[in-house]
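To keep things clear, I will list the structure first and then write my remarks on it.
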Amino acid sequence: MAKGTLSIHSENILPIIKKWLYSEKDIFVRELVSNATDAITKFKLISGIEDSFRIDITIDKPNRTLEFKDNGIGMTSEEVEKYIAQIAFSGAEEFIEKYQGKEEKEQIIGHFGLGFYSAYMASEKVEIETLSYLENEKPVFWACDGSSSYTIEEGTKVGRGTIVRLFIDKESDEYLEDNKIEEILRKFCAYLTYPIFLNGRHINNKDPLWIKNSSDATEKEYIEFYHDLYPLDPDPIFWVHINVDYPFNVKGILFFPKIHKRFDFSQSNIKLFCNRVFVSDNCKEILPDYLTVLKGAIDSPDIPLNVSRSYLQMDRTVKQLGQHVSKKICDKLSSLYKMDKEKFLSHFQDIEMIVKLGILNDDKFYERAKEFLVWKKTDGSWFTIEEYLEKNKEKTKGKVYYSTDEKMLSQFLSIYQQKGIDVILAGNFIDAPIISHLESKIDDLEFQRIDSHLDEMIDPSREKGLLDSDGKTEGSKIASFFRGQLPKDLEVEAKSLSTDDLPALLVLDEKMRRLRDYMQATQGKESAIPQKKTFVLNTNNKLIQKAFALQKSHPELAQDLARQVYDLALLSQKEIDPSEVSKILTQNTRILEKLAALVE
């Protein structure tokens, strides 16, 4: 029997590895299974033999051991000394100096090849029994209790391969339970190449769909694979199959999930794999923020990871990958829009956040996506802005009219419908910045909310322009009366609108309102920028005419009606503070009581 000392520059490296190397203790199972997989792959490549390869994991609860066995390449005595007894990394002394005494949350960054030593996170002692595939080599036995000393001697193993035996420590009883080990294997090792058996039961029995060519995969297989990853989700809408060999190797499938009310847009949903081994489901760095709504899996040996293979390290490769994925997403959406427009439009509500966030955050995405950025019209049809402008060019002259709420603003919609002018719906909180963005990209384009543009609502032929003895028109007198009952900072005008049904409306500056609405939706607060408000009265509306006429016979009722008309305009255009609603209802009741008294 021979004795030796682990080839490192400090005697306390193993306690440091045990304490700080891995953010998740379960990962030691993944690392040991990965090592077993590598051993089999190496033998297969060297020998060219197709054998009944397998990995066996055995729990011996009475003896408190957890054993990992493979029939791979095995090791000679010299290889055990080289790959196990020497902890292979550079700058060991700097490593110790930097991390000894740090908080547990500190992560060690680098590429050190320390996977085997993760075994000490759950064990007080580790043994290795191994026999090389080479002829005439003797079996080797190696053991270490986590200190800097180990023993190595001739072993008794029969048959090529390696056994790693962990003697589980008292703080890690959970790793002697079948359920716990199976849970870890299904999380990290479900798609590994070779069969894994836990106490004789086959655990992994499916290949990941991403290894197939997209032309060979069926729709049923894609949906089944999605439910393997996300068992409780409804079926995805569609997907993008990624297969890249240059400038990096990456495969994967990204799915467009069905959006529901509790969907968390800020959470990363992409599962990251490295050579079919699960690494993390928190990999926002791979994709631009606007694509984090996607779900699925990405597998790449080229994505840089930290030493524990738990987190990405940002570099040029990761950024290139994000750009490539973004292009693939655009290509998929563009193809679907052209080839199956009906399906695209039926699911646009589920993908519009991706499209619109991409347009706002990425000029390259905008250039690709502008051809399928569609808007729904109030009649239910869809079209792009270019199609809208072409269809309405004689009526709107470069303007695009929109409504944020089809039901609340229906009284305004009727005016535009009578004139045959199309109105698009833009009620999503992101539509305000999208509209501004499109105005900056397309020359002479102007968006206008339907309740903020008088040109299309006024009918000059019905204007009451006759002057009285004092040189005032009826419209100016109506405006003057209402102005005296309303807030002092409010501009009041009286116009002849093309409809008699609308008593009045509040006109706000288009861009200032957009900014205010966006800040309210995203930050929960009003913009500090003052809002210019103009209250426009309809001189053709009977209520306005009657309120004006009542000022002599029933001045108090006339004043109440003037204030109520203003409040109802605020209410219909969602410009009122919710706390004021009860006051408006009380005031409305009081006015009705006064009106009822007039007819007694």
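Chain labels A, B, ... are given in the sequence in which chains occur in the structure tokens; within each chain residues are numbered consecutively from 1, and ligands are likewise numbered from 1 in the order shown.
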Inset, instruction - Show which residues sit within 10 Å of region 211-228 of chain A, as an NGL selection string. Count only C-alpha atoms, and ignore same-chain residues fewer than 2 positions away. - result: :A and (206-209 or 230-243 or 251-255 or 257 or 276 or 295-297 or 299)
Can I get the residues of region 426-521 of chain A within 7 Å of region 555-579 of chain A, each with the closest pair of atoms and their distance in Å to one decimal, using only C-alpha atoms, sorted chain first then ascending number, as JSON lines?
{"residue": "A:Phe482", "atom": "CA", "partner": "A:Ala562", "partner_atom": "CA", "distance": 5.9}
{"residue": "A:Gln485", "atom": "CA", "partner": "A:Gln559", "partner_atom": "CA", "distance": 6.2}
{"residue": "A:Leu486", "atom": "CA", "partner": "A:Arg563", "partner_atom": "CA", "distance": 6.4}
{"residue": "A:Ala504", "atom": "CA", "partner": "A:Ala569", "partner_atom": "CA", "distance": 6.3}
{"residue": "A:Leu505", "atom": "CA", "partner": "A:Ala569", "partner_atom": "CA", "distance": 5.5}
{"residue": "A:Leu506", "atom": "CA", "partner": "A:Ala569", "partner_atom": "CA", "distance": 6.5}
Inset, instruction - Rank nothing, just name the residue among A:Asn361, A:Thr41, A:Ser77, A:Ser123 nearest to Phe28 (chain A), using only C-alpha atoms. - result: A:Ser123
Legend entry - Atom pair CA of Ala597 (chain A) / CA of Glu474 (chain A): separation (Å): 28.6 Å
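For Glu491 (chain A), the list of residues within 8 Å, based on only C-alpha atoms and with local chain neighbours fewer than 3 positions off taken out, reads A:Arg483, A:Lys533, A:Thr534, A:Phe535.
One distance worth recording is that between CA of Glu439 (chain A) and CA of Glu342 (chain A), which is 27.7 Å.
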Inset, instruction - Output as a PyMOL selection string all residues of region 346-582 of chain A that backbone DSSP marks as strand (DSSP E). - result: chain A and resi 375-376+382-383+399-403+424-425+446-449+491-495+504-508+533-538
How would the residues just chosen look if you wrote them out with C-alpha atoms as an mmCIF file, in the first residue's frame?
data_model
loop_
_atom_site.group_PDB
_atom_site.id
_atom_site.type_symbol
_atom_site.label_atom_id
_atom_site.label_comp_id
_atom_site.auth_asym_id
_atom_site.auth_seq_id
_atom_site.Cartn_x
_atom_site.Cartn_y
_atom_site.Cartn_z
ATOM 1 C CA TRP A 375 -53.073 46.263 -35.041
ATOM 2 C CA LYS A 376 -56.659 45.254 -34.501
ATOM 3 C CA TRP A 382 -56.124 43.363 -38.562
ATOM 4 C CA PHE A 383 -53.622 45.397 -40.533
ATOM 5 C CA LYS A 399 -52.745 60.334 -39.296
ATOM 6 C CA VAL A 400 -53.557 57.066 -37.571
ATOM 7 C CA TYR A 401 -56.578 57.261 -35.285
ATOM 8 C CA TYR A 402 -56.693 54.964 -32.294
ATOM 9 C CA SER A 403 -58.784 54.151 -29.253
ATOM 10 C CA ILE A 424 -57.208 50.891 -34.351
ATOM 11 C CA LEU A 425 -57.239 49.589 -30.790
ATOM 12 C CA GLU A 446 -48.853 60.938 -36.523
ATOM 13 C CA PHE A 447 -51.043 58.958 -34.127
ATOM 14 C CA GLN A 448 -54.102 60.635 -32.668
ATOM 15 C CA ARG A 449 -56.489 59.335 -30.032
ATOM 16 C CA GLU A 491 -59.859 76.121 -20.988
ATOM 17 C CA VAL A 492 -63.472 75.947 -22.195
ATOM 18 C CA GLU A 493 -64.632 76.113 -25.808
ATOM 19 C CA ALA A 494 -67.998 75.569 -27.498
ATOM 20 C CA LYS A 495 -68.013 73.900 -30.907
ATOM 21 C CA ALA A 504 -68.872 67.441 -24.336
ATOM 22 C CA LEU A 505 -65.348 66.057 -24.327
ATOM 23 C CA LEU A 506 -62.005 66.763 -22.710
ATOM 24 C CA VAL A 507 -59.118 67.347 -25.113
ATOM 25 C CA LEU A 508 -55.552 66.764 -23.859
ATOM 26 C CA LYS A 533 -56.770 70.468 -20.732
ATOM 27 C CA THR A 534 -59.459 71.920 -22.984
ATOM 28 C CA PHE A 535 -63.119 71.212 -22.277
ATOM 29 C CA VAL A 536 -65.116 71.300 -25.524
ATOM 30 C CA LEU A 537 -68.908 71.727 -25.359
ATOM 31 C CA ASN A 538 -71.183 70.579 -28.152
#
List every residue of region 387-533 of chain A that DSSP, applied to the backbone, labels as helix (DSSP H, G or I), and write the result as a CSV table (one decimal) with N, CA and C atoms, in the first residue's frame.
chain,number,residue,atom,x,y,z
A,387,GLU,N,-50.5,49.4,-44.1
A,387,GLU,CA,-51.8,49.1,-44.8
A,387,GLU,C,-52.9,50.1,-44.4
A,388,TYR,N,-52.9,50.5,-43.1
A,388,TYR,CA,-53.8,51.5,-42.6
A,388,TYR,C,-53.6,52.9,-43.4
A,389,LEU,N,-52.4,53.3,-43.5
A,389,LEU,CA,-52.1,54.6,-44.2
A,389,LEU,C,-52.6,54.5,-45.6
A,390,GLU,N,-52.3,53.4,-46.3
A,390,GLU,CA,-52.7,53.3,-47.7
A,390,GLU,C,-54.2,53.3,-47.9
A,391,LYS,N,-54.9,52.6,-47.0
A,391,LYS,CA,-56.4,52.5,-47.1
A,391,LYS,C,-57.0,53.8,-46.8
A,392,ASN,N,-56.5,54.6,-45.8
A,392,ASN,CA,-57.2,55.8,-45.4
A,392,ASN,C,-56.5,57.1,-45.8
A,393,LYS,N,-55.6,57.0,-46.8
A,393,LYS,CA,-54.7,58.2,-47.1
A,393,LYS,C,-55.5,59.4,-47.5
A,394,GLU,N,-56.7,59.2,-48.2
A,394,GLU,CA,-57.5,60.3,-48.6
A,394,GLU,C,-58.3,61.0,-47.5
A,395,LYS,N,-58.5,60.2,-46.4
A,395,LYS,CA,-59.3,60.7,-45.3
A,395,LYS,C,-58.5,61.2,-44.1
A,396,THR,N,-57.4,60.6,-43.9
A,396,THR,CA,-56.6,60.9,-42.6
A,396,THR,C,-55.4,61.7,-42.9
A,410,SER,N,-66.9,54.5,-27.1
A,410,SER,CA,-67.8,54.2,-28.2
A,410,SER,C,-68.6,55.4,-28.7
A,411,GLN,N,-68.8,56.4,-27.9
A,411,GLN,CA,-69.6,57.5,-28.4
A,411,GLN,C,-68.7,58.3,-29.4
A,412,PHE,N,-67.4,58.3,-29.2
A,412,PHE,CA,-66.5,58.9,-30.2
A,412,PHE,C,-66.3,58.1,-31.5
A,413,LEU,N,-66.3,56.8,-31.3
A,413,LEU,CA,-66.1,55.9,-32.4
A,413,LEU,C,-67.2,56.1,-33.5
A,414,SER,N,-68.4,56.3,-33.0
A,414,SER,CA,-69.5,56.4,-34.0
A,414,SER,C,-69.2,57.5,-35.0
A,415,ILE,N,-68.6,58.6,-34.5
A,415,ILE,CA,-68.3,59.8,-35.4
A,415,ILE,C,-67.4,59.3,-36.5
A,416,TYR,N,-66.3,58.6,-36.2
A,416,TYR,CA,-65.3,58.1,-37.1
A,416,TYR,C,-66.0,57.1,-38.1
A,417,GLN,N,-66.8,56.2,-37.5
A,417,GLN,CA,-67.4,55.2,-38.3
A,417,GLN,C,-68.3,55.8,-39.4
A,418,GLN,N,-69.1,56.9,-39.0
A,418,GLN,CA,-69.9,57.6,-39.9
A,418,GLN,C,-69.2,58.1,-41.1
A,431,ASP,N,-48.5,50.2,-25.6
A,431,ASP,CA,-48.8,50.8,-26.9
A,431,ASP,C,-48.4,52.3,-27.0
A,432,ALA,N,-48.4,53.0,-25.8
A,432,ALA,CA,-48.0,54.4,-25.8
A,432,ALA,C,-46.6,54.6,-26.3
A,433,PRO,N,-45.6,53.9,-25.7
A,433,PRO,CA,-44.2,54.1,-26.2
A,433,PRO,C,-44.0,53.5,-27.6
A,434,ILE,N,-44.8,52.5,-28.0
A,434,ILE,CA,-44.7,51.9,-29.3
A,434,ILE,C,-45.1,52.9,-30.3
A,435,ILE,N,-46.2,53.6,-30.0
A,435,ILE,CA,-46.7,54.6,-31.0
A,435,ILE,C,-45.7,55.8,-31.1
A,436,SER,N,-45.1,56.2,-30.1
A,436,SER,CA,-44.1,57.2,-30.1
A,436,SER,C,-42.9,56.8,-30.9
A,437,HIS,N,-42.5,55.5,-30.7
A,437,HIS,CA,-41.4,54.9,-31.4
A,437,HIS,C,-41.6,54.9,-32.9
A,438,LEU,N,-42.8,54.5,-33.3
A,438,LEU,CA,-43.2,54.4,-34.7
A,438,LEU,C,-43.2,55.8,-35.4
A,439,GLU,N,-43.6,56.8,-34.6
A,439,GLU,CA,-43.6,58.2,-35.1
A,439,GLU,C,-42.2,58.6,-35.4
A,440,SER,N,-41.2,58.2,-34.6
A,440,SER,CA,-39.8,58.6,-34.8
A,440,SER,C,-39.2,57.8,-35.9
A,441,LYS,N,-39.8,56.7,-36.3
A,441,LYS,CA,-39.2,55.8,-37.4
A,441,LYS,C,-39.8,56.1,-38.8
A,450,ILE,N,-58.8,59.2,-30.6
A,450,ILE,CA,-60.1,59.7,-31.2
A,450,ILE,C,-60.8,60.8,-30.4
A,451,ASP,N,-60.5,60.8,-29.1
A,451,ASP,CA,-61.2,61.8,-28.3
A,451,ASP,C,-60.3,63.0,-28.1
A,452,SER,N,-59.2,63.1,-28.8
A,452,SER,CA,-58.4,64.3,-28.7
A,452,SER,C,-58.1,65.0,-30.0
A,460,PRO,N,-68.7,72.4,-39.4
A,460,PRO,CA,-68.8,73.8,-39.5
A,460,PRO,C,-70.1,74.3,-40.1
A,461,SER,N,-70.8,73.5,-40.9
A,461,SER,CA,-72.1,73.9,-41.5
A,461,SER,C,-73.1,74.1,-40.4
A,462,ARG,N,-73.0,73.5,-39.2
A,462,ARG,CA,-74.0,73.6,-38.2
A,462,ARG,C,-73.6,74.6,-37.1
A,474,GLU,N,-73.8,82.6,-29.9
A,474,GLU,CA,-74.4,81.7,-28.9
A,474,GLU,C,-73.3,80.7,-28.3
A,475,GLY,N,-72.4,80.3,-29.2
A,475,GLY,CA,-71.3,79.4,-28.7
A,475,GLY,C,-70.5,80.0,-27.7
A,476,SER,N,-70.1,81.3,-27.9
A,476,SER,CA,-69.2,82.0,-27.0
A,476,SER,C,-69.9,82.2,-25.6
A,477,LYS,N,-71.2,82.5,-25.7
A,477,LYS,CA,-72.0,82.7,-24.5
A,477,LYS,C,-72.1,81.4,-23.7
A,478,ILE,N,-72.3,80.2,-24.4
A,478,ILE,CA,-72.4,78.9,-23.7
A,478,ILE,C,-71.1,78.6,-23.0
A,479,ALA,N,-70.0,78.9,-23.8
A,479,ALA,CA,-68.6,78.6,-23.2
A,479,ALA,C,-68.4,79.5,-22.0
A,480,SER,N,-68.8,80.7,-22.0
A,480,SER,CA,-68.6,81.7,-20.9
A,480,SER,C,-69.4,81.2,-19.7
A,481,PHE,N,-70.6,80.7,-19.9
A,481,PHE,CA,-71.4,80.3,-18.7
A,481,PHE,C,-70.8,79.1,-18.1
A,482,PHE,N,-70.4,78.1,-18.9
A,482,PHE,CA,-69.8,76.8,-18.3
A,482,PHE,C,-68.4,77.2,-17.7
A,483,ARG,N,-67.7,78.1,-18.3
A,483,ARG,CA,-66.4,78.4,-17.7
A,483,ARG,C,-66.5,78.9,-16.3
A,510,GLU,N,-51.8,65.2,-27.0
A,510,GLU,CA,-51.6,63.8,-27.4
A,510,GLU,C,-50.3,63.3,-26.7
A,511,LYS,N,-49.2,63.9,-26.9
A,511,LYS,CA,-47.9,63.4,-26.4
A,511,LYS,C,-47.8,63.4,-24.9
A,512,MET,N,-48.3,64.5,-24.3
A,512,MET,CA,-48.3,64.6,-22.9
A,512,MET,C,-49.1,63.5,-22.2
A,513,ARG,N,-50.3,63.2,-22.8
A,513,ARG,CA,-51.1,62.2,-22.2
A,513,ARG,C,-50.5,60.8,-22.4
A,514,ARG,N,-49.8,60.6,-23.5
A,514,ARG,CA,-49.1,59.3,-23.7
A,514,ARG,C,-48.1,59.1,-22.6
A,515,LEU,N,-47.3,60.1,-22.4
A,515,LEU,CA,-46.2,60.1,-21.4
A,515,LEU,C,-46.8,59.8,-20.0
A,516,ARG,N,-47.9,60.5,-19.7
A,516,ARG,CA,-48.5,60.3,-18.4
A,516,ARG,C,-49.1,58.9,-18.2
A,517,ASP,N,-49.8,58.4,-19.2
A,517,ASP,CA,-50.3,57.1,-19.1
A,517,ASP,C,-49.3,56.0,-19.0
A,518,TYR,N,-48.2,56.2,-19.7
A,518,TYR,CA,-47.1,55.2,-19.7
A,518,TYR,C,-46.4,55.2,-18.3
A,519,MET,N,-46.2,56.4,-17.7
A,519,MET,CA,-45.6,56.4,-16.4
A,519,MET,C,-46.6,55.9,-15.3
A,520,GLN,N,-47.8,56.1,-15.5
A,520,GLN,CA,-48.8,55.6,-14.6
A,520,GLN,C,-48.9,54.0,-14.6
A,521,ALA,N,-48.7,53.5,-15.9
A,521,ALA,CA,-48.8,52.0,-16.0
A,521,ALA,C,-47.5,51.3,-15.5
A,522,THR,N,-46.4,51.9,-15.8
A,522,THR,CA,-45.1,51.3,-15.5
A,522,THR,C,-44.6,51.6,-14.1
A,523,GLN,N,-44.8,52.9,-13.6
A,523,GLN,CA,-44.3,53.3,-12.4
A,523,GLN,C,-45.3,53.6,-11.3
Legend entry - Residue neighbourhood region 45-54 of chain A, 8 Å, only C-alpha atoms, exclusion window fewer than 5 positions, as a PyMOL selection string: chain A and resi 40+70-72+194-197
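Atom pair CA of Leu345 (chain A) / CA of Ala426 (chain A) has a distance of 15.6 Å (rounded to one decimal).
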Inset, instruction - Find, counting only C-alpha atoms, the residue in A:Lys332, A:Lys377, A:Arg64, A:Lys419 that gets nearest to Thr404 (chain A). - result: A:Lys377
